[in-house]
file coords19.txt (compact mmCIF, C-alpha atoms)
# COMPACT_ATOMS: atom_id res chain seq x y z
CA MET Q 18 158.99 13.83 155.95
CA THR Q 19 159.98 11.51 153.08
CA ALA Q 20 162.04 9.42 155.50
CA VAL Q 21 159.06 9.04 157.83
CA ILE Q 22 156.80 7.98 154.95
CA GLN Q 23 159.34 5.38 153.84
CA ALA Q 24 159.66 4.09 157.39
CA LEU Q 25 155.86 3.93 157.70
CA GLY Q 26 155.71 1.79 154.57
CA SER Q 27 158.32 -0.61 155.90
CA GLU Q 28 156.63 -0.90 159.30
CA ALA Q 29 153.22 -1.48 157.70
CA VAL Q 30 154.59 -4.38 155.69
CA LYS Q 31 156.05 -6.01 158.81
CA LEU Q 32 152.77 -5.60 160.73
CA ARG Q 33 150.83 -7.57 158.14
CA ARG Q 34 152.14 -10.72 159.79
CA THR Q 35 150.77 -9.70 163.20
CA ALA Q 36 147.38 -9.19 164.86
CA PHE Q 37 147.94 -5.41 164.90
CA LEU Q 38 144.93 -4.54 162.70
CA PRO Q 39 142.47 -7.17 164.01
CA VAL Q 40 143.10 -6.04 167.59
CA ALA Q 41 142.21 -2.45 166.60
CA ILE Q 42 138.82 -3.72 165.46
CA ILE Q 43 138.13 -6.33 168.14
CA PHE Q 44 138.83 -4.21 171.23
CA PRO Q 45 136.40 -1.33 170.53
CA SER Q 46 133.81 -3.88 169.37
CA LEU Q 47 133.96 -5.39 172.86
CA VAL Q 48 132.49 -2.15 174.22
CA GLY Q 49 129.32 -2.59 172.19
CA THR Q 50 129.14 -6.26 173.15
CA ILE Q 51 129.40 -5.39 176.83
CA GLN Q 52 126.61 -2.80 176.54
CA VAL Q 53 124.33 -5.25 174.74
CA LEU Q 54 124.93 -7.95 177.37
CA LEU Q 55 124.40 -5.52 180.25
CA LEU Q 56 121.10 -4.18 178.94
CA LEU Q 57 119.71 -7.42 177.55
CA THR Q 58 120.22 -9.07 180.92
CA GLN Q 59 118.25 -6.17 182.43
CA PRO Q 60 115.56 -5.46 179.80
CA GLN Q 61 113.62 -3.22 182.16
CA ARG Q 62 116.44 -0.68 181.93
CA ILE Q 63 115.88 -0.22 178.19
CA GLY Q 64 112.30 0.86 178.78
CA PHE Q 65 113.39 3.11 181.64
CA LEU Q 66 116.14 4.77 179.66
CA GLY Q 67 114.13 5.28 176.49
CA TYR Q 68 115.68 6.62 173.33
CA GLY Q 69 116.27 10.10 174.68
CA ARG Q 70 118.68 9.13 177.44
CA PHE Q 71 120.91 6.85 175.40
CA ALA Q 72 123.41 9.60 174.64
CA TYR Q 73 124.01 10.14 178.35
CA TYR Q 74 124.02 6.42 179.09
CA MET Q 75 126.43 5.62 176.27
CA ARG Q 76 128.81 8.38 177.28
CA GLN Q 77 128.79 7.43 180.95
CA SER Q 78 128.81 3.66 180.56
CA ALA Q 79 130.28 2.79 177.16
CA LEU Q 80 132.91 5.53 177.04
CA SER Q 81 133.87 4.85 180.65
CA THR Q 82 134.34 1.17 179.82
CA TRP Q 83 136.55 2.10 176.88
CA ALA Q 84 138.59 4.83 178.58
CA LEU Q 85 139.04 3.17 181.96
CA LEU Q 86 139.17 -0.55 181.25
CA LEU Q 87 139.97 -1.41 177.63
CA LEU Q 88 141.99 1.50 176.20
CA GLY Q 89 145.06 1.00 178.39
CA MET Q 90 145.23 -2.71 177.60
CA PHE Q 91 144.61 -2.05 173.91
CA ILE Q 92 147.47 0.47 173.67
CA THR Q 93 149.80 -1.90 175.51
CA ILE Q 94 149.05 -4.78 173.14
CA GLU Q 95 149.45 -2.64 170.03
CA VAL Q 96 152.78 -1.06 170.96
CA VAL Q 97 154.18 -4.41 172.14
CA LEU Q 98 153.27 -5.81 168.72
CA LEU Q 99 154.91 -2.79 167.07
CA ALA Q 100 158.14 -3.33 168.97
CA GLY Q 101 158.04 -7.11 168.93
CA VAL Q 102 158.49 -7.46 165.17
CA ASP Q 103 161.99 -6.03 165.55
CA HIS Q 104 162.92 -7.24 169.04
CA GLU Q 105 162.14 -10.89 168.28
CA GLY Q 106 164.36 -11.01 165.22
CA GLU Q 107 166.96 -8.65 166.71
CA HIS Q 108 166.51 -6.36 163.73
CA TRP Q 109 167.46 -3.13 165.48
CA LYS Q 110 171.11 -3.31 164.49
CA TYR Q 111 170.05 -3.72 160.87
CA LEU Q 112 167.45 -0.92 161.10
CA PHE Q 113 169.90 1.53 162.64
CA ALA Q 114 172.50 0.70 159.95
CA ARG Q 115 170.13 1.71 157.16
CA ALA Q 116 170.15 5.11 155.47
CA THR Q 117 166.76 5.91 157.01
CA PRO Q 118 167.32 8.24 159.99
CA ARG Q 119 166.76 6.62 163.35
CA TRP Q 120 164.33 9.32 164.42
CA ALA Q 121 162.20 8.54 161.34
CA ILE Q 122 161.94 4.87 162.36
CA TYR Q 123 160.91 5.82 165.89
CA THR Q 124 158.43 8.40 164.61
CA ALA Q 125 156.91 5.88 162.20
CA LYS Q 126 156.30 3.39 165.00
CA LEU Q 127 154.82 6.11 167.21
CA LEU Q 128 152.52 7.30 164.41
CA LEU Q 129 151.33 3.74 163.81
CA GLY Q 130 150.49 3.47 167.50
CA ILE Q 131 148.52 6.70 167.33
CA GLY Q 132 146.91 5.53 164.10
CA ALA Q 133 145.80 2.29 165.75
CA VAL Q 134 144.03 4.24 168.50
CA ALA Q 135 142.48 6.56 165.89
CA LEU Q 136 141.17 3.55 163.96
CA ALA Q 137 139.82 1.98 167.14
CA SER Q 138 138.08 5.28 167.98
CA ILE Q 139 136.32 5.27 164.61
CA VAL Q 140 135.28 1.64 165.08
CA LEU Q 141 134.02 2.52 168.57
CA ALA Q 142 131.86 5.35 167.22
CA VAL Q 143 130.32 3.05 164.58
CA VAL Q 144 129.75 0.27 167.13
CA LEU Q 145 128.05 2.61 169.60
CA TYR Q 146 125.85 4.05 166.87
CA LEU Q 147 124.71 0.59 165.78
CA THR Q 148 124.38 -0.64 169.36
CA SER Q 149 122.23 2.31 170.38
CA HIS Q 150 119.82 1.74 167.50
CA PHE Q 151 119.72 -1.97 168.23
CA LEU Q 152 118.91 -1.45 171.90
CA ALA Q 153 116.76 1.64 171.79
CA GLY Q 154 115.05 1.20 168.42
CA SER Q 155 112.66 4.01 167.58
CA ARG Q 156 111.25 4.57 171.04
CA PRO Q 157 109.64 7.97 171.54
CA VAL Q 158 111.63 10.60 173.36
CA PRO Q 159 110.44 10.84 177.00
CA THR Q 160 109.15 14.20 178.13
CA GLY Q 161 111.95 16.37 179.45
CA TYR Q 162 114.80 14.50 177.79
CA PRO Q 163 116.61 15.62 174.62
CA PRO Q 164 117.22 13.24 171.71
CA ILE Q 165 120.56 11.55 171.24
CA LEU Q 166 123.29 14.05 170.44
CA TRP Q 167 125.66 12.03 168.32
CA THR Q 168 128.02 14.99 168.01
CA ASP Q 169 128.38 14.98 171.80
CA LEU Q 170 129.24 11.28 171.77
CA ALA Q 171 131.70 11.78 168.90
CA GLN Q 172 133.38 14.66 170.74
CA GLY Q 173 133.77 12.46 173.81
CA ILE Q 174 135.50 9.78 171.72
CA LEU Q 175 137.75 12.44 170.16
CA ARG Q 176 138.72 13.81 173.56
CA ILE Q 177 139.57 10.31 174.78
CA PHE Q 178 141.78 9.79 171.72
CA LEU Q 179 143.66 13.07 172.20
CA ALA Q 180 144.13 12.50 175.92
CA SER Q 181 145.59 9.05 175.24
CA TRP Q 182 148.66 10.49 173.51
CA SER Q 183 150.69 10.49 176.74
CA LEU Q 184 149.96 6.82 177.33
CA ILE Q 185 150.76 5.91 173.71
CA ALA Q 186 154.07 7.80 173.85
CA LEU Q 187 155.01 6.30 177.23
CA GLN Q 188 154.24 2.71 176.25
CA THR Q 189 155.93 3.13 172.87
CA TRP Q 190 159.07 4.39 174.62
CA LEU Q 191 159.10 1.44 177.05
CA SER Q 192 158.31 -1.16 174.39
CA LEU Q 193 161.01 0.03 171.98
CA ARG Q 194 163.60 0.61 174.69
CA LEU Q 195 163.20 -2.73 176.44
CA ALA Q 196 163.57 -5.98 174.51
CA ASN Q 197 161.57 -7.96 177.07
CA PRO Q 198 157.85 -7.45 176.30
CA ILE Q 199 156.86 -8.60 179.78
CA ILE Q 200 157.98 -5.28 181.29
CA PRO Q 201 155.82 -2.89 179.22
CA ALA Q 202 152.96 -5.41 179.36
CA SER Q 203 153.21 -5.52 183.15
CA VAL Q 204 153.37 -1.73 183.35
CA GLY Q 205 150.24 -1.51 181.19
CA LEU Q 206 148.35 -4.06 183.27
CA ILE Q 207 149.36 -2.47 186.58
CA GLY Q 208 148.52 1.02 185.27
CA THR Q 209 145.07 -0.09 184.14
CA ALA Q 210 144.36 -1.89 187.41
CA ALA Q 211 145.59 1.04 189.49
CA GLY Q 212 143.41 3.42 187.48
CA MET Q 213 140.35 1.35 188.33
CA LEU Q 214 141.22 1.36 192.04
CA LEU Q 215 142.17 5.01 192.48
CA PRO Q 216 139.55 7.50 193.73
CA LEU Q 217 137.94 9.31 190.79
CA ASP Q 218 135.99 12.04 192.56
CA PRO Q 219 136.43 15.67 191.37
CA GLY Q 220 138.38 16.68 194.48
CA ARG Q 221 141.31 14.37 193.70
CA LEU Q 222 143.22 16.58 191.28
CA TRP Q 223 146.40 14.52 191.44
CA VAL Q 224 144.81 11.54 189.67
CA ARG Q 225 144.43 13.75 186.57
CA PHE Q 226 148.20 13.39 186.10
CA ASP Q 227 147.93 9.61 185.64
CA PRO Q 228 148.32 8.80 181.90
CA TRP Q 229 145.93 5.85 182.29
CA LEU Q 230 143.22 8.13 183.72
CA MET Q 231 143.64 11.18 181.48
CA PRO Q 232 141.32 9.76 178.78
CA PHE Q 233 138.68 8.91 181.39
CA PHE Q 234 138.53 12.44 182.76
CA ALA Q 235 138.90 14.08 179.34
CA ARG Q 236 135.76 12.34 178.04
CA ASP Q 237 133.65 14.78 180.08
CA ASN Q 238 135.50 17.78 178.63
CA GLU Q 239 137.90 18.33 181.54
CA LEU Q 240 140.56 20.57 180.03
CA VAL Q 241 143.43 19.74 182.42
CA PRO Q 242 143.70 16.00 181.63
CA LEU Q 243 143.08 16.76 177.94
CA ALA Q 244 145.94 19.28 177.85
CA LEU Q 245 148.18 16.97 179.88
CA GLY Q 246 147.44 14.10 177.54
CA ILE Q 247 148.37 16.07 174.43
CA GLY Q 248 151.29 18.02 175.90
CA GLY Q 249 152.65 15.04 177.81
CA GLY Q 250 152.42 12.92 174.69
CA LEU Q 251 154.51 15.37 172.68
CA LEU Q 252 157.08 15.64 175.48
CA LEU Q 253 157.34 11.87 176.04
CA ALA Q 254 157.57 11.31 172.28
CA ALA Q 255 160.56 13.65 172.06
CA LEU Q 256 162.28 12.17 175.12
CA GLY Q 257 161.66 8.60 173.98
CA CYS Q 258 162.98 9.34 170.49
CA MET Q 259 166.19 10.86 171.89
CA ASP Q 260 166.71 7.95 174.28
CA VAL Q 261 166.01 5.08 171.88
CA THR Q 262 167.80 6.45 168.84
CA ARG Q 263 171.08 7.12 170.65
CA LYS Q 264 171.51 3.41 171.42
CA ASP Q 265 173.43 1.27 168.96
CA VAL Q 266 171.69 -1.97 169.86
CA LEU Q 267 168.45 -2.42 171.84

call {"tool": "encode", "arguments": {"input": "coords19.txt", "output": "structure tokens"}}
result
Amino acid sequence: MTAVIQALGSEAVKLRRTAFLPVAIIFPSLVGTIQVLLLLTQPQRIGFLGYGRFAYYMRQSALSTWALLLLGMFITIEVVLLAGVDHEGEHWKYLFARATPRWAIYTAKLLLGIGAVALASIVLAVVLYLTSHFLAGSRPVPTGYPPILWTDLAQGILRIFLASWSLIALQTWLSLRLANPIIPASVGLIGTAAGMLLPLDPGRLWVRFDPWLMPFFARDNELVPLALGIGGGLLLAALGCMDVTRKDVL
């Protein structure tokens, strides 16, 4: 544990010179911006939705935008930045020659990737809260509709975060293993695009095994993609650590 903490400190210092932290704030903020633009260009929808339906709307629209469109690209950018600080300067030989265990270095980078998504999830929750109040104001609750359930929205964001572990572990493995950032970036772009094109109806069980789609399905409390996201993340993290750390030079 001490070795991991030391490695985390070293990695954090290196990331100060990158856009790692700003990206974790900008990307989830885009979700709120998109919702504002969508509804302000169609003001009649605000009156139709009313305050009481914003929880449903935000979960279906905002969380879908985050899970299906932006999250995959965000993870790709963050892990490429994580790996790039060492690939660009060819620091791996130096890192692996240090007393810090190799597995601790890999674990530190993986934890920073997970931490970036956790931070973005918190920013997303704050942005959606502020956006909802900005758009809906204090409109009365329409008859037959419950008020906004912020716990429900927060749980959806949490499920998306947990289900993203497989994608984080996969992209971290690729980014650390391959010195050329174009490859993991291309994989991330293709995976995101494919996820938007694949059929998403409930009868297509096989799409639940796609790491890019697990967060999307998990947001509605589907247990299979949620379990696959967490379990697959742990498995891919272990496999990636064994593969990367046994190489002398990357």

call {"tool": "closest_residue", "arguments": {"input": "coords19.txt", "among": "Q:Gln77, Q:Thr262, Q:Thr124, Q:Thr117", "to": "Q:Ile174", "atoms": "only C-alpha atoms"}}
result
Q:Gln77

call {"tool": "residues_around", "arguments": {"input": "coords19.txt", "residues": "Q:Leu230", "least_positions_apart": "2", "cutoff": "12 Å", "atoms": "all atoms listed in the file", "output": "CSV table (one decimal) with C-alpha atoms, in the coordinates of the input"}}
result
chain,number,residue,atom,x,y,z
Q,81,SER,CA,133.9,4.8,180.6
Q,82,THR,CA,134.3,1.2,179.8
Q,83,TRP,CA,136.6,2.1,176.9
Q,84,ALA,CA,138.6,4.8,178.6
Q,85,LEU,CA,139.0,3.2,182.0
Q,86,LEU,CA,139.2,-0.6,181.2
Q,87,LEU,CA,140.0,-1.4,177.6
Q,88,LEU,CA,142.0,1.5,176.2
Q,89,GLY,CA,145.1,1.0,178.4
Q,177,ILE,CA,139.6,10.3,174.8
Q,180,ALA,CA,144.1,12.5,175.9
Q,181,SER,CA,145.6,9.0,175.2
Q,182,TRP,CA,148.7,10.5,173.5
Q,183,SER,CA,150.7,10.5,176.7
Q,184,LEU,CA,150.0,6.8,177.3
Q,208,GLY,CA,148.5,1.0,185.3
Q,209,THR,CA,145.1,-0.1,184.1
Q,210,ALA,CA,144.4,-1.9,187.4
Q,211,ALA,CA,145.6,1.0,189.5
Q,212,GLY,CA,143.4,3.4,187.5
Q,213,MET,CA,140.4,1.4,188.3
Q,214,LEU,CA,141.2,1.4,192.0
Q,215,LEU,CA,142.2,5.0,192.5
Q,216,PRO,CA,139.6,7.5,193.7
Q,217,LEU,CA,137.9,9.3,190.8
Q,221,ARG,CA,141.3,14.4,193.7
Q,222,LEU,CA,143.2,16.6,191.3
Q,223,TRP,CA,146.4,14.5,191.4
Q,224,VAL,CA,144.8,11.5,189.7
Q,225,ARG,CA,144.4,13.8,186.6
Q,226,PHE,CA,148.2,13.4,186.1
Q,227,ASP,CA,147.9,9.6,185.6
Q,228,PRO,CA,148.3,8.8,181.9
Q,232,PRO,CA,141.3,9.8,178.8
Q,233,PHE,CA,138.7,8.9,181.4
Q,234,PHE,CA,138.5,12.4,182.8
Q,235,ALA,CA,138.9,14.1,179.3
Q,236,ARG,CA,135.8,12.3,178.0
Q,239,GLU,CA,137.9,18.3,181.5
Q,241,VAL,CA,143.4,19.7,182.4
Q,242,PRO,CA,143.7,16.0,181.6
Q,243,LEU,CA,143.1,16.8,177.9
Q,245,LEU,CA,148.2,17.0,179.9
Q,246,GLY,CA,147.4,14.1,177.5

call {"tool": "atom_distance", "arguments": {"input": "coords19.txt", "atom1": "atom CA of Q:Ser203", "atom2": "atom CA of Q:Asp237"}}
result
28.4 Å

call {"tool": "residues_around", "arguments": {"input": "coords19.txt", "residues": "Q:Leu193", "least_positions_apart": "6", "cutoff": "9 Å", "atoms": "all atoms listed in the file", "output": "short mmCIF file (atom, residue, chain, number, x, y, z; two decimals) with C-alpha atoms, in the coordinates of the input"}}
result
data_model
loop_
_atom_site.label_atom_id
_atom_site.label_comp_id
_atom_site.auth_asym_id
_atom_site.auth_seq_id
_atom_site.Cartn_x
_atom_site.Cartn_y
_atom_site.Cartn_z
CA VAL Q 96 152.78 -1.06 170.96
CA VAL Q 97 154.18 -4.41 172.14
CA LEU Q 99 154.91 -2.79 167.07
CA ALA Q 100 158.14 -3.33 168.97
CA GLY Q 101 158.04 -7.11 168.93
CA ASP Q 103 161.99 -6.03 165.55
CA HIS Q 104 162.92 -7.24 169.04
CA TYR Q 123 160.91 5.82 165.89
CA GLY Q 257 161.66 8.60 173.98
CA VAL Q 261 166.01 5.08 171.88
CA LEU Q 267 168.45 -2.42 171.84
#

call {"tool": "atom_distance", "arguments": {"input": "coords19.txt", "atom1": "atom CA of Q:Thr189", "atom2": "atom CA of Q:Leu127"}}
result
6.5 Å

call {"tool": "axis_aligned_box", "arguments": {"input": "coords19.txt", "around": "stretch 174-181 of chain Q", "padding_each_side": "4 Å", "output": "lines of an AutoDock Vina configuration file"}}
result
center_x = 140.5
center_y = 11.4
center_z = 173.0
size_x = 18.1
size_y = 12.8
size_z = 13.8

call {"tool": "residues_around", "arguments": {"input": "coords19.txt", "residues": "Q:Trp190", "least_positions_apart": "4", "cutoff": "8 Å", "atoms": "only C-alpha atoms", "output": "count of residues only"}}
result
7

call {"tool": "atom_distance", "arguments": {"input": "coords19.txt", "atom1": "atom CA of Q:Trp109", "atom2": "atom CA of Q:Thr93"}}
result
20.3 Å

call {"tool": "closest_residue", "arguments": {"input": "coords19.txt", "among": "Q:Leu240, Q:Lys31, Q:Ile200, Q:Leu191", "to": "Q:His108", "atoms": "all atoms listed in the file"}}
result
Q:Lys31
